[in-house]
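Participant: Below is my_file20.txt; it holds compact mmCIF, C-alpha atoms.
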# COMPACT_ATOMS: atom_id res chain seq x y z
CA MET X 1 -98.02 119.89 28.64
CA ASP X 2 -101.75 119.44 28.77
CA VAL X 3 -103.86 118.15 31.62
CA SER X 4 -106.08 115.39 30.30
CA ALA X 5 -109.62 115.49 31.65
CA PRO X 6 -112.12 112.63 31.55
CA SER X 7 -114.43 112.69 28.58
CA PRO X 8 -118.10 112.47 29.63
CA GLN X 9 -119.01 110.55 26.47
CA LEU X 10 -117.15 107.40 27.49
CA ALA X 11 -118.73 104.66 29.57
CA VAL X 12 -116.81 101.58 30.60
CA GLY X 13 -117.89 98.00 30.00
CA ARG X 14 -116.24 94.96 31.54
CA PRO X 15 -116.94 91.75 29.58
CA THR X 16 -114.27 89.06 29.67
CA ARG X 17 -112.74 86.64 27.22
CA VAL X 18 -111.22 83.27 28.08
CA THR X 19 -108.31 82.27 25.85
CA ARG X 20 -107.22 78.63 25.97
CA PHE X 21 -103.68 77.50 25.18
CA ARG X 22 -102.36 74.10 24.22
CA ASP X 23 -98.75 72.93 24.03
CA CYS X 24 -97.44 76.11 25.61
CA THR X 25 -93.65 75.88 25.60
CA ARG X 26 -93.31 78.13 28.65
CA CYS X 27 -95.90 76.48 30.92
CA ASP X 28 -96.38 73.03 32.37
CA THR X 29 -99.77 71.88 31.12
CA SER X 30 -99.45 68.29 32.30
CA GLY X 31 -102.57 67.01 33.96
CA MET X 32 -104.74 69.75 32.48
CA GLY X 33 -106.32 67.57 29.82
CA SER X 34 -106.82 68.30 26.14
CA GLU X 35 -108.10 71.83 26.88
CA GLY X 36 -104.72 73.02 28.15
CA HIS X 37 -104.89 76.04 30.46
CA SER X 38 -106.82 79.30 30.23
CA VAL X 39 -106.15 82.99 30.75
CA THR X 40 -109.01 85.39 31.40
CA THR X 41 -108.68 88.90 29.98
CA ASN X 42 -110.94 91.94 30.24
CA LEU X 43 -112.39 93.31 27.02
CA LEU X 44 -114.12 96.55 26.19
CA SER X 45 -117.76 96.42 25.26
CA PRO X 46 -118.63 96.85 21.56
CA GLN X 47 -120.53 100.02 22.45
CA LEU X 48 -117.49 101.56 24.14
CA LEU X 49 -115.20 100.53 21.31
CA GLN X 50 -117.56 102.16 18.82
CA ARG X 51 -117.64 105.39 20.83
CA MET X 52 -113.88 105.48 21.23
CA ASP X 53 -113.32 104.80 17.54
CA ALA X 54 -115.80 107.55 16.60
CA TYR X 55 -114.13 109.96 19.01
CA TRP X 56 -110.70 109.12 17.60
CA ARG X 57 -111.84 109.59 14.00
CA ALA X 58 -113.51 112.89 14.89
CA ALA X 59 -110.31 114.11 16.56
CA ASN X 60 -108.32 113.08 13.50
CA TYR X 61 -110.67 114.99 11.19
CA LEU X 62 -110.51 118.09 13.37
CA SER X 63 -106.73 117.81 13.35
CA VAL X 64 -106.30 117.44 9.60
CA GLY X 65 -108.81 120.23 9.07
CA GLN X 66 -106.66 122.56 11.16
CA LEU X 67 -103.63 121.65 9.12
CA TYR X 68 -105.07 122.00 5.63
CA LEU X 69 -108.46 123.72 5.44
CA TYR X 70 -109.05 127.44 5.26
CA GLU X 71 -112.82 127.13 4.81
CA ASN X 72 -115.53 124.58 3.87
CA PRO X 73 -114.94 122.66 7.15
CA LEU X 74 -117.73 120.11 6.67
CA LEU X 75 -116.92 119.57 2.99
CA LYS X 76 -120.46 120.46 1.99
CA LYS X 77 -119.05 121.71 -1.31
CA PRO X 78 -116.56 120.00 -3.61
CA LEU X 79 -113.10 120.77 -2.35
CA GLU X 80 -111.36 123.58 -4.22
CA LEU X 81 -107.86 124.98 -4.08
CA ALA X 82 -109.23 128.15 -2.49
CA HIS X 83 -110.37 126.07 0.51
CA VAL X 84 -106.85 124.84 1.23
CA LYS X 85 -104.26 126.81 3.19
CA PRO X 86 -101.40 128.04 1.00
CA LEU X 87 -98.78 127.13 3.62
CA VAL X 88 -99.05 124.07 5.87
CA VAL X 89 -97.28 124.22 9.23
CA GLY X 90 -97.68 121.24 11.50
CA HIS X 91 -97.07 117.51 11.42
CA TRP X 92 -99.86 115.14 10.51
CA GLY X 93 -97.66 112.11 11.18
CA THR X 94 -97.65 112.54 14.96
CA THR X 95 -101.31 113.51 15.24
CA PRO X 96 -103.29 110.24 14.89
CA GLY X 97 -101.02 108.57 17.44
CA GLN X 98 -101.50 111.38 19.93
CA ASN X 99 -105.26 111.30 19.42
CA PHE X 100 -105.25 107.53 19.91
CA ILE X 101 -103.33 107.82 23.17
CA TYR X 102 -105.53 110.68 24.37
CA VAL X 103 -108.82 108.84 23.94
CA HIS X 104 -107.50 105.70 25.64
CA LEU X 105 -106.11 107.71 28.54
CA ASN X 106 -109.50 109.35 28.93
CA ARG X 107 -111.03 105.89 29.19
CA VAL X 108 -108.78 104.79 32.05
CA ILE X 109 -109.11 108.18 33.78
CA LYS X 110 -112.87 107.76 33.66
CA GLU X 111 -112.77 104.13 34.75
CA ARG X 112 -110.27 104.46 37.60
CA ASP X 113 -110.61 108.13 38.60
CA LEU X 114 -106.91 108.77 37.92
CA ASP X 115 -104.87 111.90 38.48
CA MET X 116 -102.97 112.21 35.21
CA PHE X 117 -100.94 114.62 33.08
CA TYR X 118 -100.53 114.38 29.33
CA VAL X 119 -97.14 115.72 28.19
CA ALA X 120 -97.06 116.41 24.45
CA GLY X 121 -93.47 116.26 23.24
CA PRO X 122 -93.79 116.49 19.42
CA GLY X 123 -93.09 120.09 18.44
CA HIS X 124 -95.86 120.51 15.87
CA GLY X 125 -98.40 118.17 17.44
CA GLY X 126 -100.65 121.04 18.44
CA PRO X 127 -103.60 120.03 16.22
CA ALA X 128 -104.18 116.91 18.34
CA LEU X 129 -104.51 118.69 21.67
CA VAL X 130 -106.57 121.52 20.21
CA ALA X 131 -108.88 119.01 18.53
CA ASN X 132 -109.45 117.06 21.75
CA THR X 133 -110.14 120.14 23.86
CA TYR X 134 -112.60 121.29 21.17
CA LEU X 135 -114.34 117.90 21.19
CA GLU X 136 -114.60 117.98 24.97
CA GLY X 137 -116.18 121.44 24.81
CA THR X 138 -113.46 123.15 26.85
CA TYR X 139 -112.14 125.16 23.92
CA SER X 140 -115.52 126.72 23.18
CA GLU X 141 -116.05 127.54 26.86
CA ILE X 142 -112.86 129.59 26.94
CA TYR X 143 -113.16 130.93 23.40
CA PRO X 144 -116.91 131.39 22.70
CA ASP X 145 -116.23 132.60 19.16
CA VAL X 146 -114.89 129.11 18.37
CA SER X 147 -118.34 127.66 18.85
CA GLN X 148 -119.67 124.11 18.46
CA ASP X 149 -121.18 124.74 15.02
CA GLU X 150 -120.07 125.22 11.43
CA ALA X 151 -119.04 128.84 11.98
CA GLY X 152 -116.97 127.90 15.01
CA LEU X 153 -115.44 124.98 13.15
CA THR X 154 -114.43 127.32 10.34
CA ARG X 155 -112.71 129.60 12.82
CA LEU X 156 -111.02 126.63 14.50
CA PHE X 157 -109.54 125.53 11.18
CA THR X 158 -108.67 129.01 9.92
CA GLN X 159 -106.87 130.20 13.03
CA PHE X 160 -104.42 127.30 13.26
CA SER X 161 -100.86 128.36 12.43
CA PHE X 162 -102.19 131.42 10.66
CA PRO X 163 -101.47 135.15 11.12
CA GLY X 164 -103.48 136.39 14.07
CA GLY X 165 -104.41 132.83 14.99
CA ILE X 166 -102.83 130.19 17.20
CA SER X 167 -99.50 128.38 17.28
CA SER X 168 -98.84 125.03 15.60
CA HIS X 169 -97.65 123.56 18.90
CA VAL X 170 -99.32 123.22 22.29
CA ALA X 171 -99.05 126.87 23.25
CA PRO X 172 -100.31 128.55 26.44
CA THR X 173 -103.50 129.42 24.55
CA THR X 174 -104.45 125.72 24.49
CA PRO X 175 -106.93 124.98 27.30
CA GLY X 176 -105.26 122.99 30.07
CA SER X 177 -101.73 123.76 28.90
CA ILE X 178 -99.63 124.62 31.95
CA HIS X 179 -96.15 124.67 30.46
CA GLU X 180 -94.49 125.28 27.13
CA GLY X 181 -90.89 124.21 26.73
CA GLY X 182 -90.28 126.10 23.51
CA GLU X 183 -87.57 123.65 22.45
CA LEU X 184 -87.48 119.95 21.62
CA GLY X 185 -86.00 117.42 24.00
CA TYR X 186 -87.39 118.33 27.40
CA SER X 187 -90.70 116.50 27.54
CA LEU X 188 -89.39 113.51 29.49
CA SER X 189 -87.51 115.70 31.97
CA HIS X 190 -90.71 117.61 32.64
CA ALA X 191 -92.66 114.38 32.99
CA PHE X 192 -90.33 113.03 35.67
CA GLY X 193 -90.19 116.43 37.35
CA ALA X 194 -93.97 116.40 37.67
CA ALA X 195 -93.95 112.85 39.08
CA PHE X 196 -91.28 113.40 41.73
CA ASP X 197 -92.83 113.80 45.21
CA ASN X 198 -96.27 113.25 43.69
CA PRO X 199 -97.11 109.63 44.53
CA GLY X 200 -100.69 109.81 43.27
CA LEU X 201 -99.81 111.22 39.86
CA ILE X 202 -99.43 109.40 36.54
CA VAL X 203 -97.67 111.29 33.76
CA ALA X 204 -98.18 110.07 30.19
CA CYS X 205 -95.29 111.44 28.14
CA VAL X 206 -95.49 111.32 24.35
CA ILE X 207 -92.01 111.76 22.89
CA GLY X 208 -91.55 113.06 19.37
CA ASP X 209 -89.20 111.36 16.93
CA GLY X 210 -87.23 114.56 16.41
CA GLU X 211 -86.61 115.22 20.07
CA ALA X 212 -85.68 111.58 20.59
CA GLU X 213 -82.39 112.46 18.88
CA THR X 214 -81.51 115.31 21.25
CA GLY X 215 -79.06 115.30 24.13
CA PRO X 216 -81.55 116.40 26.82
CA LEU X 217 -83.90 113.56 25.89
CA ALA X 218 -81.09 111.00 25.88
CA THR X 219 -80.16 112.13 29.37
CA ALA X 220 -83.77 112.11 30.58
CA TRP X 221 -84.08 108.38 29.83
CA HIS X 222 -81.98 107.82 32.97
CA SER X 223 -84.41 109.72 35.21
CA ASN X 224 -86.13 106.50 36.22
CA LYS X 225 -83.05 105.78 38.33
CA PHE X 226 -84.09 108.61 40.65
CA LEU X 227 -87.76 107.66 40.85
CA ASN X 228 -88.97 106.11 44.11
CA PRO X 229 -92.17 104.08 43.63
CA VAL X 230 -93.22 104.84 47.23
CA THR X 231 -92.83 108.62 47.28
CA ASP X 232 -93.10 109.47 43.57
CA GLY X 233 -95.65 109.06 40.81
CA ALA X 234 -95.38 107.03 37.62
CA VAL X 235 -94.19 108.05 34.16
CA LEU X 236 -95.58 106.29 31.08
CA ARG X 237 -93.37 106.86 28.05
CA SER X 238 -94.28 106.43 24.39
CA CYS X 239 -92.86 107.68 21.09
CA THR X 240 -94.81 108.96 18.13
Using the file provided, produce a representation of the structure as C-alpha cells.

Facilitator:
Amino acid sequence: MDVSAPSPQLAVGRPTRVTRFRDCTRCDTSGMGSEGHSVTTNLLSPQLLQRMDAYWRAANYLSVGQLYLYENPLLKKPLELAHVKPLVVGHWGTTPGQNFIYVHLNRVIKERDLDMFYVAGPGHGGPALVANTYLEGTYSEIYPDVSQDEAGLTRLFTQFSFPGGISSHVAPTTPGSIHEGGELGYSLSHAFGAAFDNPGLIVACVIGDGEAETGPLATAWHSNKFLNPVTDGAVLRSCT
C-alpha cells in the first residue's frame, strides 16, 4: 500500500465542451428544434494533458528500465547484451496501467485536495510505485545515493530485484509504503479496512489479475455490503 501524494508539476485547467445530440433514443427531444439537446462536460487543458502524458511516459520508462537495464540508463550508447539484466523479475504488463492510474489520481488529489490511499495489489508491480516516488523526488530524499542524475538513475535501475538491492514488489523500503501483505488476494480487504470509520478517505485499490482468482479477493468483493456512506470512506476498485 502506498500513500499517493500530489505531484507539484500538475496544474489543473477547466475548459468545457458542449456535445449536442440528435435523435437520442433515451431522451425526449421534442420541442428542442433541429439542434437536439446538449450536455456540457469538463475537459483538461492541452497543457495539462501534455504534462500528464509526459509524466506517464517518464514513469513507464523508469519502470521498464528497472526491469531490464543493468547500466546505460539514458541509452547514450547502443544497447548491448551486457547492459541487460540476466534475470528479469517483475511484471511489465501491470506497470503502465498502474502508472496511468497514479498520474490521474495525482491530478484529482491536486485539484480537490483529497485524502487518498493507493493500494497496489499486483504482486510484482513494484517498478510503478518506485518510478513514481523517484519522479516526485521522494525516493532521492530518503535515499540520497539514488540521486536525480545519471548516476542515481543507474543505481535505481541496478538495484531493482537484484542481490543487495530492492524487492520486485512494493516493499517497506518504498517511500510511503505503510503495509505489505506478502501474499496475493488481500488488497481489497485492506482497502475496505482503511475506509471503514474514515469518512474523509478515498482508497484507490488496484487489483492484480492473479489475485483476482484467489479466495480472499472473491470474498472481499462483498465488503461493500458493510460500508456505510455516512460513517465510512469510499473504495475505488480497478483491475490491471

Participant: Which of these residues is nearest to Leu75 in chain X, using all atoms listed in the file: X:Val203, X:Leu153, X:Ala234, X:Val108?

Facilitator: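 The closest residue to Leu75 in chain X is X:Leu153.
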
Participant: Pull the neighbourhood of (-102.8, 109.6, 19.4) for me: all residues within 12 Å in file coordinates, counting all atoms listed in the file, as JSON, numbers by chain.

Facilitator: {"X": [52, 53, 55, 56, 57, 59, 60, 63, 92, 93, 94, 95, 96, 97, 98, 99, 100, 101, 102, 103, 104, 105, 106, 118, 120, 122, 125, 126, 127, 128, 129, 131, 132, 204, 205, 206, 207, 208, 238, 239, 240]}

Participant: Excluding Pro175 in chain X and residues on its chain fewer than 5 positions from it, collect all residues at most 8 Å away from it, counting all atoms listed in the file, and give them as number ranges by chain.

Facilitator: X: 2, 130, 133, 138-139, 142

Participant: Pick the closest to Ala58 in chain X from X:Glu136, X:Asp209, X:Glu180, X:Asp197: which is it, counting all atoms listed in the file?

Facilitator: X:Glu136

Participant: Using only C-alpha atoms, which of X:Phe192, X:Tyr70, X:Phe226, X:Tyr134 sits nearest Arg155 in chain X?

Facilitator: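 Among the listed residues, the smallest separation from Arg155 in chain X belongs to X:Tyr70.
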
Participant: For Asp115 in chain X, which residue among X:Leu79, X:Leu156, X:Val235, X:Leu201 is the nearest when counting all atoms listed in the file?

Facilitator: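 Of X:Leu79, X:Leu156, X:Val235, X:Leu201, the one nearest Asp115 in chain X is X:Leu201, counting all atoms listed in the file.
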
Participant: Any idea what the distance is between CA of Arg237 in chain X and CA of His91 in chain X?

Facilitator: 20.1 Å

Participant: For Trp221 in chain X, which of X:Tyr186, X:Ile202, X:Gly233, X:Leu62 is the closest residue, counting all atoms listed in the file?

Facilitator: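 Answer, going by the shortest atom-to-atom distance: X:Tyr186.
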
Participant: If I wrap all listed atoms of range 131-141 of chain X in a box with edges along x, y and z and add 3 Å on each side, what are its centre and edge lengths in Å to one decimal, as JSON?

Facilitator:
{"center_x": -112.5, "center_y": 122.3, "center_z": 22.7, "size_x": 13.3, "size_y": 16.5, "size_z": 14.3}

Participant: May I ask for the distance between CA of His190 in chain X and CA of Thr173 in chain X, given in Å to one decimal place?

Facilitator: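 Interatomic distance here is 19.2 Å.
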
Participant: CA of Leu69 in chain X and CA of Gln50 in chain X are how many Å apart?

Facilitator: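 Distance reported for this atom pair: 27.0 Å.
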
Participant: Which is closer to Leu74 in chain X than all the others in X:Phe157, X:Met116, X:Thr174, X:Leu87, using only C-alpha atoms?

Facilitator: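 Once distances to Leu74 in chain X are computed over only C-alpha atoms, the minimum belongs to X:Phe157.
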
Participant: Kindly provide, as a VMD selection string, the polymer residues lying within 6 Å of (-95.7, 117.5, 25.4), counting only C-alpha atoms and using the coordinates exactly as they appear in the file.

Facilitator: chain X and resid 1 119 to 121 187

Participant: Take range 196-232 of chain X, model N, CA and C atoms, and hand the result over as a PDB file, in the coordinates of the input.

Facilitator:
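Saved as selection_30.pdb:
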ATOM      1  N   PHE X 196     -92.043 113.436  40.488  1.00  0.00           N
ATOM      2  CA  PHE X 196     -91.280 113.400  41.730  1.00  0.00           C
ATOM      3  C   PHE X 196     -92.079 114.024  42.873  1.00  0.00           C
ATOM      4  N   ASP X 197     -92.107 113.342  44.004  1.00  0.00           N
ATOM      5  CA  ASP X 197     -92.830 113.800  45.210  1.00  0.00           C
ATOM      6  C   ASP X 197     -94.320 113.947  44.979  1.00  0.00           C
ATOM      7  N   ASN X 198     -94.840 113.231  43.995  1.00  0.00           N
ATOM      8  CA  ASN X 198     -96.270 113.250  43.690  1.00  0.00           C
ATOM      9  C   ASN X 198     -96.759 111.812  43.546  1.00  0.00           C
ATOM     10  N   PRO X 199     -96.870 111.084  44.634  1.00  0.00           N
ATOM     11  CA  PRO X 199     -97.110 109.630  44.530  1.00  0.00           C
ATOM     12  C   PRO X 199     -98.432 109.248  43.883  1.00  0.00           C
ATOM     13  N   GLY X 200     -99.403 110.151  43.868  1.00  0.00           N
ATOM     14  CA  GLY X 200    -100.690 109.810  43.270  1.00  0.00           C
ATOM     15  C   GLY X 200    -100.814 110.174  41.813  1.00  0.00           C
ATOM     16  N   LEU X 201     -99.743 110.697  41.214  1.00  0.00           N
ATOM     17  CA  LEU X 201     -99.810 111.220  39.860  1.00  0.00           C
ATOM     18  C   LEU X 201     -99.255 110.240  38.836  1.00  0.00           C
ATOM     19  N   ILE X 202     -99.931 110.140  37.695  1.00  0.00           N
ATOM     20  CA  ILE X 202     -99.430 109.400  36.540  1.00  0.00           C
ATOM     21  C   ILE X 202     -99.184 110.411  35.421  1.00  0.00           C
ATOM     22  N   VAL X 203     -98.001 110.371  34.843  1.00  0.00           N
ATOM     23  CA  VAL X 203     -97.670 111.290  33.760  1.00  0.00           C
ATOM     24  C   VAL X 203     -97.467 110.481  32.484  1.00  0.00           C
ATOM     25  N   ALA X 204     -98.314 110.718  31.499  1.00  0.00           N
ATOM     26  CA  ALA X 204     -98.180 110.070  30.190  1.00  0.00           C
ATOM     27  C   ALA X 204     -97.387 111.005  29.289  1.00  0.00           C
ATOM     28  N   CYS X 205     -96.193 110.597  28.929  1.00  0.00           N
ATOM     29  CA  CYS X 205     -95.290 111.440  28.140  1.00  0.00           C
ATOM     30  C   CYS X 205     -95.179 110.901  26.725  1.00  0.00           C
ATOM     31  N   VAL X 206     -95.608 111.683  25.757  1.00  0.00           N
ATOM     32  CA  VAL X 206     -95.490 111.320  24.350  1.00  0.00           C
ATOM     33  C   VAL X 206     -94.260 112.016  23.783  1.00  0.00           C
ATOM     34  N   ILE X 207     -93.298 111.239  23.348  1.00  0.00           N
ATOM     35  CA  ILE X 207     -92.010 111.760  22.890  1.00  0.00           C
ATOM     36  C   ILE X 207     -91.998 111.792  21.368  1.00  0.00           C
ATOM     37  N   GLY X 208     -91.635 112.923  20.812  1.00  0.00           N
ATOM     38  CA  GLY X 208     -91.550 113.060  19.370  1.00  0.00           C
ATOM     39  C   GLY X 208     -90.298 112.434  18.799  1.00  0.00           C
ATOM     40  N   ASP X 209     -90.362 112.007  17.531  1.00  0.00           N
ATOM     41  CA  ASP X 209     -89.200 111.360  16.930  1.00  0.00           C
ATOM     42  C   ASP X 209     -88.020 112.316  16.798  1.00  0.00           C
ATOM     43  N   GLY X 210     -88.305 113.592  16.540  1.00  0.00           N
ATOM     44  CA  GLY X 210     -87.230 114.560  16.410  1.00  0.00           C
ATOM     45  C   GLY X 210     -86.512 114.800  17.719  1.00  0.00           C
ATOM     46  N   GLU X 211     -87.262 114.959  18.791  1.00  0.00           N
ATOM     47  CA  GLU X 211     -86.610 115.220  20.070  1.00  0.00           C
ATOM     48  C   GLU X 211     -85.944 113.979  20.645  1.00  0.00           C
ATOM     49  N   ALA X 212     -86.315 112.806  20.124  1.00  0.00           N
ATOM     50  CA  ALA X 212     -85.680 111.580  20.590  1.00  0.00           C
ATOM     51  C   ALA X 212     -84.199 111.542  20.223  1.00  0.00           C
ATOM     52  N   GLU X 213     -83.790 112.418  19.307  1.00  0.00           N
ATOM     53  CA  GLU X 213     -82.390 112.460  18.880  1.00  0.00           C
ATOM     54  C   GLU X 213     -81.601 113.570  19.569  1.00  0.00           C
ATOM     55  N   THR X 214     -82.180 114.206  20.578  1.00  0.00           N
ATOM     56  CA  THR X 214     -81.510 115.310  21.250  1.00  0.00           C
ATOM     57  C   THR X 214     -80.785 114.841  22.507  1.00  0.00           C
ATOM     58  N   GLY X 215     -79.810 115.617  22.923  1.00  0.00           N
ATOM     59  CA  GLY X 215     -79.060 115.300  24.130  1.00  0.00           C
ATOM     60  C   GLY X 215     -79.897 115.323  25.392  1.00  0.00           C
ATOM     61  N   PRO X 216     -80.722 116.362  25.602  1.00  0.00           N
ATOM     62  CA  PRO X 216     -81.550 116.400  26.820  1.00  0.00           C
ATOM     63  C   PRO X 216     -82.462 115.178  26.947  1.00  0.00           C
ATOM     64  N   LEU X 217     -83.021 114.722  25.814  1.00  0.00           N
ATOM     65  CA  LEU X 217     -83.900 113.560  25.890  1.00  0.00           C
ATOM     66  C   LEU X 217     -83.112 112.295  26.207  1.00  0.00           C
ATOM     67  N   ALA X 218     -81.929 112.164  25.601  1.00  0.00           N
ATOM     68  CA  ALA X 218     -81.090 111.000  25.880  1.00  0.00           C
ATOM     69  C   ALA X 218     -80.716 110.937  27.355  1.00  0.00           C
ATOM     70  N   THR X 219     -80.484 112.085  27.940  1.00  0.00           N
ATOM     71  CA  THR X 219     -80.160 112.130  29.370  1.00  0.00           C
ATOM     72  C   THR X 219     -81.386 111.798  30.216  1.00  0.00           C
ATOM     73  N   ALA X 220     -82.550 112.291  29.786  1.00  0.00           N
ATOM     74  CA  ALA X 220     -83.770 112.110  30.580  1.00  0.00           C
ATOM     75  C   ALA X 220     -84.192 110.648  30.678  1.00  0.00           C
ATOM     76  N   TRP X 221     -83.739 109.796  29.735  1.00  0.00           N
ATOM     77  CA  TRP X 221     -84.080 108.380  29.830  1.00  0.00           C
ATOM     78  C   TRP X 221     -83.601 107.770  31.138  1.00  0.00           C
ATOM     79  N   HIS X 222     -82.549 108.362  31.744  1.00  0.00           N
ATOM     80  CA  HIS X 222     -81.980 107.820  32.970  1.00  0.00           C
ATOM     81  C   HIS X 222     -82.709 108.319  34.229  1.00  0.00           C
ATOM     82  N   SER X 223     -83.725 109.155  34.054  1.00  0.00           N
ATOM     83  CA  SER X 223     -84.410 109.720  35.210  1.00  0.00           C
ATOM     84  C   SER X 223     -85.119 108.677  36.054  1.00  0.00           C
ATOM     85  N   ASN X 224     -85.453 107.541  35.438  1.00  0.00           N
ATOM     86  CA  ASN X 224     -86.130 106.500  36.220  1.00  0.00           C
ATOM     87  C   ASN X 224     -85.254 105.985  37.353  1.00  0.00           C
ATOM     88  N   LYS X 225     -83.953 106.215  37.271  1.00  0.00           N
ATOM     89  CA  LYS X 225     -83.050 105.780  38.330  1.00  0.00           C
ATOM     90  C   LYS X 225     -83.252 106.595  39.613  1.00  0.00           C
ATOM     91  N   PHE X 226     -83.861 107.756  39.493  1.00  0.00           N
ATOM     92  CA  PHE X 226     -84.090 108.610  40.650  1.00  0.00           C
ATOM     93  C   PHE X 226     -85.520 108.510  41.173  1.00  0.00           C
ATOM     94  N   LEU X 227     -86.344 107.742  40.493  1.00  0.00           N
ATOM     95  CA  LEU X 227     -87.760 107.660  40.850  1.00  0.00           C
ATOM     96  C   LEU X 227     -87.986 106.603  41.934  1.00  0.00           C
ATOM     97  N   ASN X 228     -88.647 107.005  43.002  1.00  0.00           N
ATOM     98  CA  ASN X 228     -88.970 106.110  44.110  1.00  0.00           C
ATOM     99  C   ASN X 228     -90.443 105.737  44.002  1.00  0.00           C
ATOM    100  N   PRO X 229     -90.770 104.466  43.816  1.00  0.00           N
ATOM    101  CA  PRO X 229     -92.170 104.080  43.630  1.00  0.00           C
ATOM    102  C   PRO X 229     -93.047 104.340  44.853  1.00  0.00           C
ATOM    103  N   VAL X 230     -92.449 104.573  46.005  1.00  0.00           N
ATOM    104  CA  VAL X 230     -93.220 104.840  47.230  1.00  0.00           C
ATOM    105  C   VAL X 230     -93.575 106.319  47.340  1.00  0.00           C
ATOM    106  N   THR X 231     -92.618 107.179  47.059  1.00  0.00           N
ATOM    107  CA  THR X 231     -92.830 108.620  47.280  1.00  0.00           C
ATOM    108  C   THR X 231     -93.106 109.395  45.998  1.00  0.00           C
ATOM    109  N   ASP X 232     -92.917 108.769  44.835  1.00  0.00           N
ATOM    110  CA  ASP X 232     -93.100 109.470  43.570  1.00  0.00           C
ATOM    111  C   ASP X 232     -94.217 108.847  42.744  1.00  0.00           C
TER     112      ASP X 232
END
